[in-house]
>>> print(open('start-v2.cif').read())   # mmCIF, C-alpha atoms
data_model
#
loop_
_atom_site.label_atom_id
_atom_site.label_comp_id
_atom_site.auth_asym_id
_atom_site.auth_seq_id
_atom_site.Cartn_x
_atom_site.Cartn_y
_atom_site.Cartn_z
CA MET T 1 1.97 6.67 -16.14
CA ALA T 2 0.47 9.26 -13.83
CA ASN T 3 2.82 11.94 -12.66
CA GLU T 4 1.59 13.28 -9.37
CA VAL T 5 3.60 16.24 -8.12
CA ILE T 6 2.86 18.01 -4.86
CA LEU T 7 4.88 20.92 -3.50
CA LEU T 8 4.67 21.72 0.22
CA ASP T 9 5.75 25.32 0.41
CA PHE T 10 5.45 28.69 2.14
CA TRP T 11 4.72 31.64 -0.12
CA PRO T 12 7.55 34.07 0.92
CA SER T 13 10.26 31.40 0.99
CA MET T 14 13.06 32.15 -1.48
CA PHE T 15 13.83 28.43 -1.30
CA GLY T 16 10.31 27.34 -2.24
CA MET T 17 10.46 29.80 -5.12
CA ARG T 18 13.39 27.87 -6.61
CA THR T 19 11.38 24.68 -6.85
CA ARG T 20 8.32 26.48 -8.26
CA ILE T 21 10.47 28.04 -11.00
CA ALA T 22 12.19 24.75 -11.84
CA LEU T 23 8.86 22.91 -12.19
CA ARG T 24 7.46 25.66 -14.39
CA GLU T 25 10.62 25.77 -16.53
CA LYS T 26 9.95 22.13 -17.31
CA GLY T 27 6.22 22.63 -17.88
CA VAL T 28 5.39 20.26 -15.00
CA GLU T 29 1.90 20.57 -13.55
CA PHE T 30 1.95 20.44 -9.78
CA GLU T 31 -0.28 20.91 -6.76
CA TYR T 32 0.93 23.76 -4.56
CA ARG T 33 0.11 23.37 -0.87
CA GLU T 34 0.66 26.22 1.54
CA GLU T 35 2.13 25.19 4.90
CA ASP T 36 1.50 27.03 8.16
CA LEU T 37 4.96 26.86 9.71
CA ARG T 38 3.53 27.29 13.22
CA ASN T 39 1.30 24.26 12.60
CA LYS T 40 3.09 21.95 10.19
CA SER T 41 0.96 19.40 8.38
CA PRO T 42 1.28 15.67 9.18
CA LEU T 43 2.34 15.19 5.55
CA LEU T 44 5.25 17.63 5.92
CA LEU T 45 6.44 15.98 9.14
CA GLN T 46 6.16 12.55 7.56
CA MET T 47 7.91 13.50 4.31
CA ASN T 48 10.72 15.54 5.89
CA PRO T 49 11.22 14.06 9.35
CA ILE T 50 14.90 15.06 9.55
CA HIS T 51 14.64 18.81 8.93
CA LYS T 52 10.83 19.39 9.05
CA LYS T 53 11.23 22.24 6.57
CA ILE T 54 9.73 23.42 3.31
CA PRO T 55 9.94 23.11 0.41
CA VAL T 56 9.13 19.42 0.12
CA LEU T 57 8.63 18.00 -3.35
CA ILE T 58 6.50 14.86 -3.40
CA HIS T 59 6.67 13.01 -6.73
CA ASN T 60 4.42 9.97 -7.06
CA GLY T 61 4.32 9.74 -3.27
CA LYS T 62 8.09 9.95 -2.71
CA PRO T 63 9.68 13.01 -1.07
CA VAL T 64 12.68 15.02 -2.23
CA ASN T 65 13.96 17.56 0.30
CA GLU T 66 16.24 20.63 0.16
CA SER T 67 15.50 23.17 -2.57
CA ILE T 68 18.78 22.90 -4.44
CA ILE T 69 18.50 19.09 -4.51
CA GLN T 70 14.92 19.42 -5.79
CA VAL T 71 16.06 21.66 -8.66
CA GLN T 72 18.65 19.04 -9.69
CA TYR T 73 16.09 16.26 -9.39
CA ILE T 74 13.58 18.15 -11.54
CA ASP T 75 16.29 18.75 -14.15
CA GLU T 76 17.10 15.02 -14.28
CA VAL T 77 13.54 13.68 -14.31
CA TRP T 78 12.18 16.11 -16.91
CA SER T 79 15.30 16.24 -18.98
CA HIS T 80 13.59 16.80 -22.34
CA LYS T 81 13.15 20.55 -21.99
CA ASN T 82 15.01 23.67 -20.80
CA PRO T 83 18.11 22.08 -19.24
CA ILE T 84 18.89 23.75 -15.93
CA LEU T 85 22.50 22.57 -15.49
CA PRO T 86 25.02 22.67 -18.35
CA SER T 87 26.40 19.39 -19.68
CA ASP T 88 30.11 20.16 -19.30
CA PRO T 89 31.49 18.82 -15.96
CA TYR T 90 33.59 21.93 -15.27
CA GLN T 91 30.70 24.31 -15.93
CA ARG T 92 28.46 22.15 -13.75
CA ALA T 93 31.02 22.40 -10.95
CA GLN T 94 31.03 26.19 -11.33
CA ALA T 95 27.22 26.32 -11.20
CA ARG T 96 27.19 24.18 -8.04
CA PHE T 97 29.88 26.34 -6.45
CA TRP T 98 27.85 29.52 -6.93
CA ALA T 99 24.58 28.01 -5.73
CA ASP T 100 26.48 26.78 -2.66
CA PHE T 101 27.96 30.27 -2.19
CA ILE T 102 24.44 31.72 -2.18
CA ASP T 103 23.30 29.18 0.40
CA LYS T 104 26.37 29.55 2.61
CA LYS T 105 26.91 33.30 2.50
CA LEU T 106 23.91 35.23 1.18
CA TYR T 107 21.26 33.64 3.37
CA ASP T 108 22.98 34.45 6.68
CA ALA T 109 23.92 37.97 5.63
CA GLN T 110 20.41 38.87 4.43
CA ARG T 111 18.95 37.52 7.61
CA LYS T 112 21.02 39.94 9.69
CA VAL T 113 19.80 42.78 7.49
CA TRP T 114 16.12 42.32 8.36
CA ALA T 115 16.20 40.47 11.68
CA THR T 116 18.68 42.56 13.67
CA LYS T 117 19.51 46.14 14.45
CA GLY T 118 22.39 48.32 15.57
CA GLU T 119 25.92 47.01 15.16
CA GLU T 120 24.87 43.50 14.17
CA GLN T 121 22.71 44.89 11.40
CA ALA T 122 25.43 47.27 10.23
CA ALA T 123 27.88 44.37 9.97
CA GLY T 124 25.26 42.27 8.18
CA LYS T 125 24.54 45.12 5.76
CA LYS T 126 28.23 45.40 4.89
CA ASP T 127 28.55 41.62 4.29
CA PHE T 128 25.31 41.59 2.30
CA ILE T 129 26.46 44.31 -0.10
CA GLU T 130 29.87 42.67 -0.50
CA ILE T 131 28.21 39.35 -1.34
CA LEU T 132 25.91 40.99 -3.88
CA LYS T 133 28.93 42.67 -5.45
CA THR T 134 30.74 39.33 -5.66
CA LEU T 135 27.71 37.86 -7.40
CA GLU T 136 27.47 40.84 -9.75
CA SER T 137 31.14 40.40 -10.60
CA GLU T 138 30.56 36.71 -11.34
CA LEU T 139 27.63 37.61 -13.60
CA GLY T 140 29.89 40.01 -15.51
CA ASP T 141 28.47 40.87 -18.91
CA LYS T 142 26.66 37.59 -19.36
CA PRO T 143 22.85 37.74 -19.72
CA TYR T 144 22.49 35.00 -17.11
CA PHE T 145 24.84 33.42 -14.57
CA GLY T 146 25.02 30.32 -16.77
CA GLY T 147 25.81 32.37 -19.89
CA ASP T 148 23.25 32.68 -22.65
CA ASP T 149 20.69 30.49 -20.96
CA PHE T 150 18.72 30.89 -17.75
CA GLY T 151 19.85 28.12 -15.40
CA TYR T 152 20.80 26.74 -12.02
CA VAL T 153 22.45 29.75 -10.39
CA ASP T 154 19.79 32.13 -11.74
CA ILE T 155 17.13 29.89 -10.18
CA ALA T 156 19.06 29.70 -6.89
CA LEU T 157 19.29 33.48 -6.60
CA ILE T 158 16.26 35.15 -8.18
CA GLY T 159 13.82 34.51 -5.29
CA PHE T 160 15.89 36.71 -2.97
CA TYR T 161 14.87 39.65 -5.19
CA THR T 162 11.36 39.61 -3.68
CA TRP T 163 12.97 40.41 -0.34
CA PHE T 164 15.04 43.33 -1.70
CA PRO T 165 12.52 46.08 -0.81
CA ALA T 166 12.38 44.68 2.74
CA TYR T 167 16.19 44.77 3.03
CA GLU T 168 16.21 48.31 1.64
CA LYS T 169 13.55 49.43 4.07
CA PHE T 170 15.00 47.97 7.26
CA ALA T 171 18.67 48.55 6.56
CA ASN T 172 18.23 51.83 4.75
CA LEU T 173 20.03 50.95 1.55
CA SER T 174 19.54 51.11 -2.20
CA ILE T 175 20.41 47.83 -3.83
CA GLU T 176 20.20 49.20 -7.39
CA SER T 177 22.82 51.84 -6.68
CA GLU T 178 25.14 49.18 -5.24
CA VAL T 179 24.66 46.52 -7.92
CA PRO T 180 22.92 47.96 -11.02
CA LYS T 181 23.95 45.04 -13.26
CA LEU T 182 22.38 42.59 -10.86
CA ILE T 183 19.11 44.56 -10.95
CA ALA T 184 19.24 44.49 -14.76
CA TRP T 185 19.64 40.69 -14.52
CA VAL T 186 16.63 40.55 -12.17
CA LYS T 187 14.48 42.40 -14.71
CA LYS T 188 15.55 40.03 -17.48
CA CYS T 189 14.62 37.00 -15.32
CA LEU T 190 11.23 38.48 -14.46
CA GLN T 191 10.37 38.41 -18.16
CA ARG T 192 10.35 34.60 -18.01
CA GLU T 193 6.91 33.22 -17.29
CA SER T 194 8.28 30.55 -14.95
CA VAL T 195 9.77 33.28 -12.77
CA ALA T 196 6.93 35.82 -12.95
CA LYS T 197 4.40 33.14 -11.96
CA SER T 198 6.52 31.80 -9.09
CA LEU T 199 7.50 34.98 -7.29
CA PRO T 200 5.16 36.76 -4.89
CA ASP T 201 4.63 40.51 -4.95
CA PRO T 202 7.64 42.09 -3.19
CA GLU T 203 5.25 44.51 -1.42
CA LYS T 204 3.47 41.59 0.21
CA VAL T 205 6.83 40.12 1.20
CA THR T 206 7.81 43.44 2.81
CA GLU T 207 4.59 43.42 4.86
CA PHE T 208 5.34 39.86 5.92
CA VAL T 209 8.92 40.71 6.88
CA SER T 210 7.73 43.78 8.83
CA GLU T 211 5.55 41.55 10.98
CA LEU T 212 8.30 38.98 11.37
CA ARG T 213 10.87 41.62 12.28
CA LYS T 214 8.75 42.66 15.28
CA LYS T 215 9.45 39.24 16.82
CA PHE T 216 13.22 39.63 16.47
CA VAL T 217 13.60 43.35 16.99
CA PRO T 218 11.04 44.57 19.50
CA GLU T 219 10.67 48.31 19.07
CA MET R 1 50.73 15.08 -22.43
CA ALA R 2 48.48 16.90 -20.02
CA ASN R 3 49.80 17.77 -16.59
CA LEU R 4 48.54 15.80 -13.61
CA PRO R 5 45.56 17.22 -11.72
CA ILE R 6 46.75 19.03 -8.60
CA LEU R 7 45.04 18.67 -5.23
CA LEU R 8 45.66 21.51 -2.79
CA ASP R 9 44.99 19.90 0.56
CA TYR R 10 45.79 19.67 4.27
CA TRP R 11 46.54 16.25 5.68
CA PRO R 12 44.06 16.09 8.64
CA SER R 13 41.14 17.61 6.72
CA MET R 14 38.24 15.19 6.37
CA PHE R 15 37.12 17.39 3.48
CA GLY R 16 40.41 17.05 1.67
CA MET R 17 40.26 13.31 2.28
CA ARG R 18 36.99 13.15 0.34
CA ALA R 19 38.75 14.49 -2.76
CA ARG R 20 41.61 12.01 -2.30
CA VAL R 21 39.23 9.05 -2.00
CA ALA R 22 37.26 10.20 -5.07
CA LEU R 23 40.36 10.53 -7.26
CA ARG R 24 41.70 7.15 -6.16
CA GLU R 25 38.33 5.47 -6.75
CA LYS R 26 38.65 6.61 -10.36
CA GLY R 27 42.27 5.54 -10.61
CA VAL R 28 43.33 9.12 -11.36
CA GLU R 29 46.95 9.99 -10.69
CA PHE R 30 47.27 13.35 -9.07
CA GLU R 31 49.82 15.64 -7.49
CA TYR R 32 49.11 16.18 -3.79
CA ARG R 33 50.25 19.54 -2.44
CA GLU R 34 50.19 20.24 1.30
CA GLU R 35 49.03 23.75 2.18
CA ASP R 36 50.34 25.72 5.15
CA PHE R 37 47.43 27.77 6.48
CA SER R 38 49.71 30.36 8.02
CA ASN R 39 51.16 30.87 4.56
CA LYS R 40 48.64 29.94 1.87
CA SER R 41 50.14 29.36 -1.56
CA PRO R 42 49.56 31.83 -4.41
CA LEU R 43 47.90 28.98 -6.32
CA LEU R 44 45.37 28.43 -3.51
CA LEU R 45 44.54 32.13 -3.18
CA GLN R 46 44.21 32.46 -6.93
CA SER R 47 42.16 29.26 -7.34
CA ASN R 48 39.79 29.86 -4.44
CA PRO R 49 39.66 33.61 -3.92
CA ILE R 50 36.17 33.47 -2.42
CA HIS R 51 36.70 31.03 0.45
CA LYS R 52 40.53 30.59 0.42
CA LYS R 53 40.02 27.03 1.66
CA ILE R 54 41.14 23.54 0.80
CA PRO R 55 40.53 21.19 -0.89
CA VAL R 56 40.93 22.69 -4.34
CA LEU R 57 41.31 20.43 -7.37
CA VAL R 58 43.09 22.11 -10.25
CA HIS R 59 42.38 20.15 -13.43
CA ASN R 60 43.70 21.34 -16.81
CA GLY R 61 44.53 24.61 -15.08
CA LYS R 62 40.95 25.18 -13.87
CA PRO R 63 39.98 25.07 -10.19
CA VAL R 64 37.11 23.19 -8.56
CA CYS R 65 36.34 24.14 -4.95
CA GLU R 66 34.25 22.72 -2.08
CA SER R 67 34.84 19.05 -1.28
CA LEU R 68 31.45 17.62 -2.31
CA ASN R 69 31.62 19.66 -5.48
CA VAL R 70 35.06 18.16 -6.18
CA VAL R 71 33.70 14.66 -5.60
CA GLN R 72 30.83 15.25 -8.04
CA TYR R 73 33.18 16.80 -10.58
CA VAL R 74 35.56 13.83 -10.35
CA ASP R 75 32.60 11.49 -10.91
CA GLU R 76 31.55 13.39 -14.02
CA ALA R 77 35.02 14.06 -15.45
CA TRP R 78 36.01 10.36 -15.19
CA PRO R 79 32.68 8.64 -15.73
CA GLU R 80 33.89 5.28 -17.05
CA LYS R 81 34.91 3.71 -13.76
CA ASN R 82 33.24 3.24 -10.33
CA PRO R 83 30.28 5.64 -10.66
CA PHE R 84 29.57 7.37 -7.36
CA PHE R 85 25.85 7.80 -8.01
CA PRO R 86 23.09 5.42 -9.00
CA SER R 87 21.41 6.21 -12.32
CA ASP R 88 17.89 6.66 -10.97
CA PRO R 89 17.10 10.37 -10.32
CA TYR R 90 15.22 9.66 -7.08
CA GLU R 91 18.09 7.66 -5.62
CA ARG R 92 20.52 10.36 -6.75
CA ALA R 93 18.42 12.94 -4.89
CA GLN R 94 18.53 10.75 -1.77
CA ALA R 95 22.33 10.46 -2.03
CA ARG R 96 22.63 14.25 -2.31
CA PHE R 97 20.30 14.67 0.67
CA TRP R 98 22.40 12.43 2.91
CA ALA R 99 25.72 13.99 1.93
CA ASP R 100 24.12 17.37 2.66
CA PHE R 101 22.97 16.00 6.05
CA VAL R 102 26.56 15.03 6.84
CA ASP R 103 27.70 18.55 5.96
CA LYS R 104 24.85 20.32 7.78
CA LYS R 105 24.49 18.27 10.97
CA PHE R 106 27.44 15.98 11.46
CA THR R 107 30.26 18.45 10.71
CA ASP R 108 29.40 21.06 13.36
CA ALA R 109 28.59 18.45 15.98
CA GLN R 110 31.87 16.56 15.53
CA PHE R 111 33.89 19.75 15.81
CA LYS R 112 32.33 20.53 19.19
CA VAL R 113 33.23 17.05 20.40
CA TRP R 114 36.98 17.36 19.72
CA GLY R 115 37.42 21.12 19.55
CA LYS R 116 35.44 22.36 22.54
CA LYS R 117 35.01 21.60 26.20
CA GLY R 118 32.44 21.96 28.98
CA GLU R 119 28.82 22.65 28.06
CA GLU R 120 29.52 23.28 24.39
CA GLN R 121 31.26 19.93 24.11
CA GLU R 122 28.42 18.15 25.93
CA ALA R 123 25.87 19.70 23.59
CA GLY R 124 28.04 18.72 20.63
CA LYS R 125 28.35 15.16 21.91
CA LYS R 126 24.56 14.88 22.17
CA GLU R 127 24.09 16.23 18.61
CA PHE R 128 26.86 13.96 17.35
CA ILE R 129 25.33 10.80 18.80
CA GLU R 130 21.92 11.80 17.43
CA ALA R 131 23.39 12.33 13.96
CA VAL R 132 25.27 9.04 14.14
CA LYS R 133 22.09 7.15 15.04
CA ILE R 134 20.19 8.78 12.18
CA LEU R 135 22.96 7.81 9.77
CA GLU R 136 23.07 4.27 11.12
CA SER R 137 19.32 4.00 10.62
CA GLU R 138 19.69 5.22 7.03
CA LEU R 139 22.45 2.67 6.40
CA GLY R 140 20.21 -0.11 7.68
CA ASP R 141 21.41 -3.52 6.56
CA LYS R 142 23.04 -2.28 3.36
CA PRO R 143 26.78 -2.86 2.98
CA TYR R 144 27.20 0.77 1.90
CA PHE R 145 25.00 3.87 1.99
CA GLY R 146 24.73 3.55 -1.77
CA GLY R 147 23.56 -0.06 -1.48
CA ASP R 148 25.84 -2.71 -2.90
CA SER R 149 28.35 -0.19 -4.19
CA PHE R 150 30.55 2.29 -2.36
CA GLY R 151 29.35 5.72 -3.45
CA TYR R 152 28.79 9.41 -2.87
CA VAL R 153 27.41 9.26 0.68
CA ASP R 154 30.07 6.75 1.74
CA ILE R 155 32.77 9.08 0.41
CA SER R 156 31.22 12.08 2.18
CA LEU R 157 31.21 10.31 5.56
CA ILE R 158 34.04 7.76 5.69
CA THR R 159 36.72 10.42 5.99
CA PHE R 160 35.42 11.35 9.44
CA SER R 161 36.29 7.83 10.61
CA SER R 162 39.96 8.84 10.81
CA TRP R 163 38.79 11.21 13.55
CA PHE R 164 36.71 8.66 15.50
CA GLN R 165 39.50 7.88 17.92
CA ALA R 166 39.91 11.60 18.62
CA TYR R 167 36.16 12.03 19.22
CA GLU R 168 36.17 9.09 21.63
CA LYS R 169 39.22 10.28 23.51
CA PHE R 170 38.22 13.90 23.94
CA GLY R 171 34.46 13.27 24.15
CA ASN R 172 34.96 10.35 26.50
CA PHE R 173 32.55 7.92 24.89
CA SER R 174 32.54 4.88 22.64
CA ILE R 175 31.17 5.29 19.13
CA GLU R 176 30.95 1.51 18.69
CA SER R 177 28.60 1.16 21.66
CA GLU R 178 26.37 3.91 20.27
CA SER R 179 26.48 2.70 16.72
CA PRO R 180 28.00 -0.72 16.04
CA LYS R 181 26.67 -0.88 12.46
CA LEU R 182 28.40 2.36 11.56
CA ILE R 183 31.71 1.06 12.89
CA ALA R 184 31.23 -2.14 10.88
CA TRP R 185 30.55 -0.01 7.79
CA ALA R 186 33.68 2.05 8.43
CA LYS R 187 35.80 -1.12 8.67
CA ARG R 188 34.30 -2.36 5.41
CA CYS R 189 35.16 0.93 3.69
CA MET R 190 38.72 0.86 5.05
CA GLU R 191 39.26 -2.41 3.16
CA LYS R 192 39.13 -0.37 -0.03
CA GLU R 193 42.52 0.83 -1.15
CA SER R 194 41.14 4.21 -2.24
CA VAL R 195 40.08 4.79 1.37
CA SER R 196 42.99 3.28 3.29
CA LYS R 197 45.49 5.21 1.15
CA SER R 198 43.65 8.51 1.62
CA LEU R 199 43.04 8.56 5.36
CA PRO R 200 45.82 9.43 7.78
CA ASP R 201 46.63 7.29 10.78
CA SER R 202 44.10 7.85 13.61
CA GLU R 203 46.89 8.28 16.15
CA LYS R 204 48.32 11.19 14.17
CA ILE R 205 44.86 12.80 14.16
CA VAL R 206 44.58 12.34 17.93
CA ALA R 207 47.95 14.07 18.36
CA TYR R 208 46.84 16.88 16.02
CA ALA R 209 43.59 17.37 17.95
CA ALA R 210 45.47 17.30 21.28
CA GLU R 211 47.78 20.05 20.03
CA TYR R 212 44.78 22.13 18.91
CA ARG R 213 43.10 21.71 22.29
CA LYS R 214 46.29 22.66 24.10
CA ASN R 215 46.62 25.85 22.06
CA ASN R 216 42.97 26.89 21.94
CA LEU R 217 41.16 25.67 25.03
#
>>> encode(input="start-v2.cif", output="structure tokens")
Amino acid sequence: MANEVILLDFWPSMFGMRTRIALREKGVEFEYREEDLRNKSPLLLQMNPIHKKIPVLIHNGKPVNESIIQVQYIDEVWSHKNPILPSDPYQRAQARFWADFIDKKLYDAQRKVWATKGEEQAAGKKDFIEILKTLESELGDKPYFGGDDFGYVDIALIGFYTWFPAYEKFANLSIESEVPKLIAWVKKCLQRESVAKSLPDPEKVTEFVSELRKKFVPE
Amino acid sequence: MANLPILLDYWPSMFGMRARVALREKGVEFEYREEDFSNKSPLLLQSNPIHKKIPVLVHNGKPVCESLNVVQYVDEAWPEKNPFFPSDPYERAQARFWADFVDKKFTDAQFKVWGKKGEEQEAGKKEFIEAVKILESELGDKPYFGGDSFGYVDISLITFSSWFQAYEKFGNFSIESESPKLIAWAKRCMEKESVSKSLPDSEKIVAYAAEYRKNNL
């Protein structure tokens, strides 16, 4: 049976990156389609009418929305290889908790770091570092968040790394000096082909964020 | 013999109610412990140091936090009875999407309706009605969001029904006239013992919301 997989995405999106990595972890061939968020395609609007956001995963014509839901879907459909979630219910609950933590806390904090200035940015910077430290503490001495194997939480988090130089530039901070173990984890993840192929060049992301920042923080 | 699972909870919380419904659907006996937010228990602070929120399910001494996470955990830890999810991956993804929609769109809107006033409340009311209509459209003619069986999305949403009377009173509108199918669905769910035993009396919720409004608005 034909397996047609299309991913509607936007190259700097840390959410789109999750789905790219998950598909590649499973060895799934897919068609990547770049969306212009100022001019969303009819397909995007049709497949995600509620949120109108990327990434959208279209499998044999049917859409799956929300990056973290897509990663779970991919894990369940292509279950033969590289399991993304552990099999133990308690460990699965822990993995979900940390992915949810990243979505609830990290996203908002990092946004303040690049999209604001002054007091708001200073507060955002403080939260951001605290959140990274919490994540580093959760990682502990494990090679990956899931333990010995690259998995769900690693996939949920790694894309944010491509935005690190942008955060460092605009908020004047050094992430490695704050969370060296987390940077070591990043380097280990980058050695995986699924990750290296799915992440854009952080320099390009920084250029993109610079442009975007001008809209939020007129100089 | 293993100790009973412990649920750290707060009686009016629609999030806590989700955990209660899930445990009862599985026929799991549990120890309910009421938390006082002005004086959170050591067990709560130790079990959920990150968010310090309820509900927390402590099972075999290990904590599970975040209500939808608890519901999924309960489904997986007691898989033999009343599965919350269909087996098809696509339908599972749809169920997760709709529960996420409830958390992302419905939760904030409903709070504005009972917890705010003036312009903020009006905006919240508009968002709430929009969300309700979207949910009603998704329900369609199915008895439950999951189809023939009560499931994950039903559990994620039904707990808000204990607050409907409060929304109507403080938002000054009728949910039934906006969304009769959703009200019919809520009544159907309330016929289930797992639901009726887990949801507090609407009048008590109205009194709770009134007290909150008196103290905060």
>>> interface_residues(input="start-v2.cif", of="chain R", to="chain T", cutoff="9 Å", atoms="only C-alpha atoms", output="list of chain:residue names")
R:Ile50, R:Lys62, R:Pro63, R:Val64, R:Cys65, R:Glu66, R:Asn69, R:Val70, R:Gln72, R:Tyr73, R:Val74, R:Asp75, R:Glu76, R:Ala77, R:Asp88, R:Pro89, R:Tyr90, R:Arg92, R:Ala93, R:Gln94, R:Arg96, R:Phe97, R:Asp100, R:Phe101, R:Ile134
>>> residues_around(input="start-v2.cif", residues="range 200-204 of chain R", least_positions_apart="4", cutoff="8 Å", atoms="only C-alpha atoms", output="PDB file with C-alpha atoms, in the coordinates of the input")
ATOM      1  CA  TRP R  11      46.540  16.250   5.680  1.00  0.00           C
ATOM      2  CA  PRO R  12      44.060  16.090   8.640  1.00  0.00           C
ATOM      3  CA  SER R 162      39.960   8.840  10.810  1.00  0.00           C
ATOM      4  CA  TRP R 163      38.790  11.210  13.550  1.00  0.00           C
ATOM      5  CA  PHE R 164      36.710   8.660  15.500  1.00  0.00           C
ATOM      6  CA  GLN R 165      39.500   7.880  17.920  1.00  0.00           C
ATOM      7  CA  ALA R 166      39.910  11.600  18.620  1.00  0.00           C
ATOM      8  CA  TYR R 208      46.840  16.880  16.020  1.00  0.00           C
TER       9      TYR R 208
END
>>> atom_distance(input="start-v2.cif", atom1="CA of Phe160 in chain T", atom2="CA of Gln46 in chain R")
28.9 Å
>>> atom_distance(input="start-v2.cif", atom1="CA of Gly27 in chain R", atom2="CA of Ser149 in chain R")
16.4 Å
>>> atom_distance(input="start-v2.cif", atom1="CA of Ala95 in chain R", atom2="CA of Leu57 in chain T")
15.7 Å
>>> resolve_selection(input="start-v2.cif", expression="the PyMOL selection byres ((chain T and resi 142-156) around 7)", output="short mmCIF file (atom, residue, chain, number, x, y, z; two decimals) with C-alpha atoms, in the coordinates of the input")
data_model
loop_
_atom_site.label_atom_id
_atom_site.label_comp_id
_atom_site.auth_asym_id
_atom_site.auth_seq_id
_atom_site.Cartn_x
_atom_site.Cartn_y
_atom_site.Cartn_z
CA ARG T 18 13.39 27.87 -6.61
CA ILE T 21 10.47 28.04 -11.00
CA ILE T 84 18.89 23.75 -15.93
CA LEU T 85 22.50 22.57 -15.49
CA ALA T 95 27.22 26.32 -11.20
CA TRP T 98 27.85 29.52 -6.93
CA ALA T 99 24.58 28.01 -5.73
CA LEU T 139 27.63 37.61 -13.60
CA GLY T 140 29.89 40.01 -15.51
CA ASP T 141 28.47 40.87 -18.91
CA LEU T 157 19.29 33.48 -6.60
CA ILE T 158 16.26 35.15 -8.18
CA TRP T 185 19.64 40.69 -14.52
#
>>> resolve_selection(input="start-v2.cif", expression="the PyMOL selection byres ((chain T and resi 122-128) around 7)", output="list in words")
Leu106, Ala109, Gln110, Lys112, Val113, Gly118, Glu119, Glu120, Gln121, Ile129, Glu130, Ile131, Leu132 and Ala171 of chain T
>>> build_atoms(input="start-v2.cif", residues="range 41-52 of chain T", atoms="N, CA, C and O atoms", output="PDB file, in the frame of the given file")
ATOM      1  N   SER T  41       1.885  20.485   8.706  1.00  0.00           N
ATOM      2  CA  SER T  41       0.960  19.400   8.380  1.00  0.00           C
ATOM      3  C   SER T  41       1.604  18.038   8.678  1.00  0.00           C
ATOM      4  O   SER T  41       2.822  17.893   8.626  1.00  0.00           O
ATOM      5  N   PRO T  42       0.757  17.017   8.975  1.00  0.00           N
ATOM      6  CA  PRO T  42       1.280  15.670   9.180  1.00  0.00           C
ATOM      7  C   PRO T  42       2.084  15.206   7.954  1.00  0.00           C
ATOM      8  O   PRO T  42       3.108  14.542   8.096  1.00  0.00           O
ATOM      9  N   LEU T  43       1.644  15.599   6.762  1.00  0.00           N
ATOM     10  CA  LEU T  43       2.340  15.190   5.550  1.00  0.00           C
ATOM     11  C   LEU T  43       3.765  15.743   5.513  1.00  0.00           C
ATOM     12  O   LEU T  43       4.718  15.033   5.196  1.00  0.00           O
ATOM     13  N   LEU T  44       3.917  17.006   5.896  1.00  0.00           N
ATOM     14  CA  LEU T  44       5.250  17.630   5.920  1.00  0.00           C
ATOM     15  C   LEU T  44       6.153  16.879   6.899  1.00  0.00           C
ATOM     16  O   LEU T  44       7.286  16.519   6.591  1.00  0.00           O
ATOM     17  N   LEU T  45       5.630  16.629   8.100  1.00  0.00           N
ATOM     18  CA  LEU T  45       6.440  15.980   9.140  1.00  0.00           C
ATOM     19  C   LEU T  45       6.801  14.551   8.753  1.00  0.00           C
ATOM     20  O   LEU T  45       7.872  14.056   9.088  1.00  0.00           O
ATOM     21  N   GLN T  46       5.906  13.926   7.998  1.00  0.00           N
ATOM     22  CA  GLN T  46       6.160  12.550   7.560  1.00  0.00           C
ATOM     23  C   GLN T  46       7.166  12.521   6.401  1.00  0.00           C
ATOM     24  O   GLN T  46       8.029  11.650   6.354  1.00  0.00           O
ATOM     25  N   MET T  47       7.074  13.495   5.502  1.00  0.00           N
ATOM     26  CA  MET T  47       7.910  13.500   4.310  1.00  0.00           C
ATOM     27  C   MET T  47       9.287  14.135   4.542  1.00  0.00           C
ATOM     28  O   MET T  47      10.221  13.876   3.787  1.00  0.00           O
ATOM     29  N   ASN T  48       9.417  14.964   5.577  1.00  0.00           N
ATOM     30  CA  ASN T  48      10.720  15.540   5.890  1.00  0.00           C
ATOM     31  C   ASN T  48      10.982  15.453   7.385  1.00  0.00           C
ATOM     32  O   ASN T  48      11.085  16.465   8.079  1.00  0.00           O
ATOM     33  N   PRO T  49      11.091  14.230   7.903  1.00  0.00           N
ATOM     34  CA  PRO T  49      11.220  14.060   9.350  1.00  0.00           C
ATOM     35  C   PRO T  49      12.543  14.600   9.905  1.00  0.00           C
ATOM     36  O   PRO T  49      12.597  15.009  11.053  1.00  0.00           O
ATOM     37  N   ILE T  50      13.583  14.630   9.072  1.00  0.00           N
ATOM     38  CA  ILE T  50      14.900  15.060   9.550  1.00  0.00           C
ATOM     39  C   ILE T  50      14.927  16.577   9.797  1.00  0.00           C
ATOM     40  O   ILE T  50      15.317  17.046  10.850  1.00  0.00           O
ATOM     41  N   HIS T  51      14.541  17.351   8.805  1.00  0.00           N
ATOM     42  CA  HIS T  51      14.640  18.810   8.930  1.00  0.00           C
ATOM     43  C   HIS T  51      13.297  19.491   9.203  1.00  0.00           C
ATOM     44  O   HIS T  51      13.265  20.603   9.709  1.00  0.00           O
ATOM     45  N   LYS T  52      12.192  18.842   8.843  1.00  0.00           N
ATOM     46  CA  LYS T  52      10.830  19.390   9.050  1.00  0.00           C
ATOM     47  C   LYS T  52      10.665  20.754   8.385  1.00  0.00           C
ATOM     48  O   LYS T  52      10.030  21.645   8.939  1.00  0.00           O
TER      49      LYS T  52
END
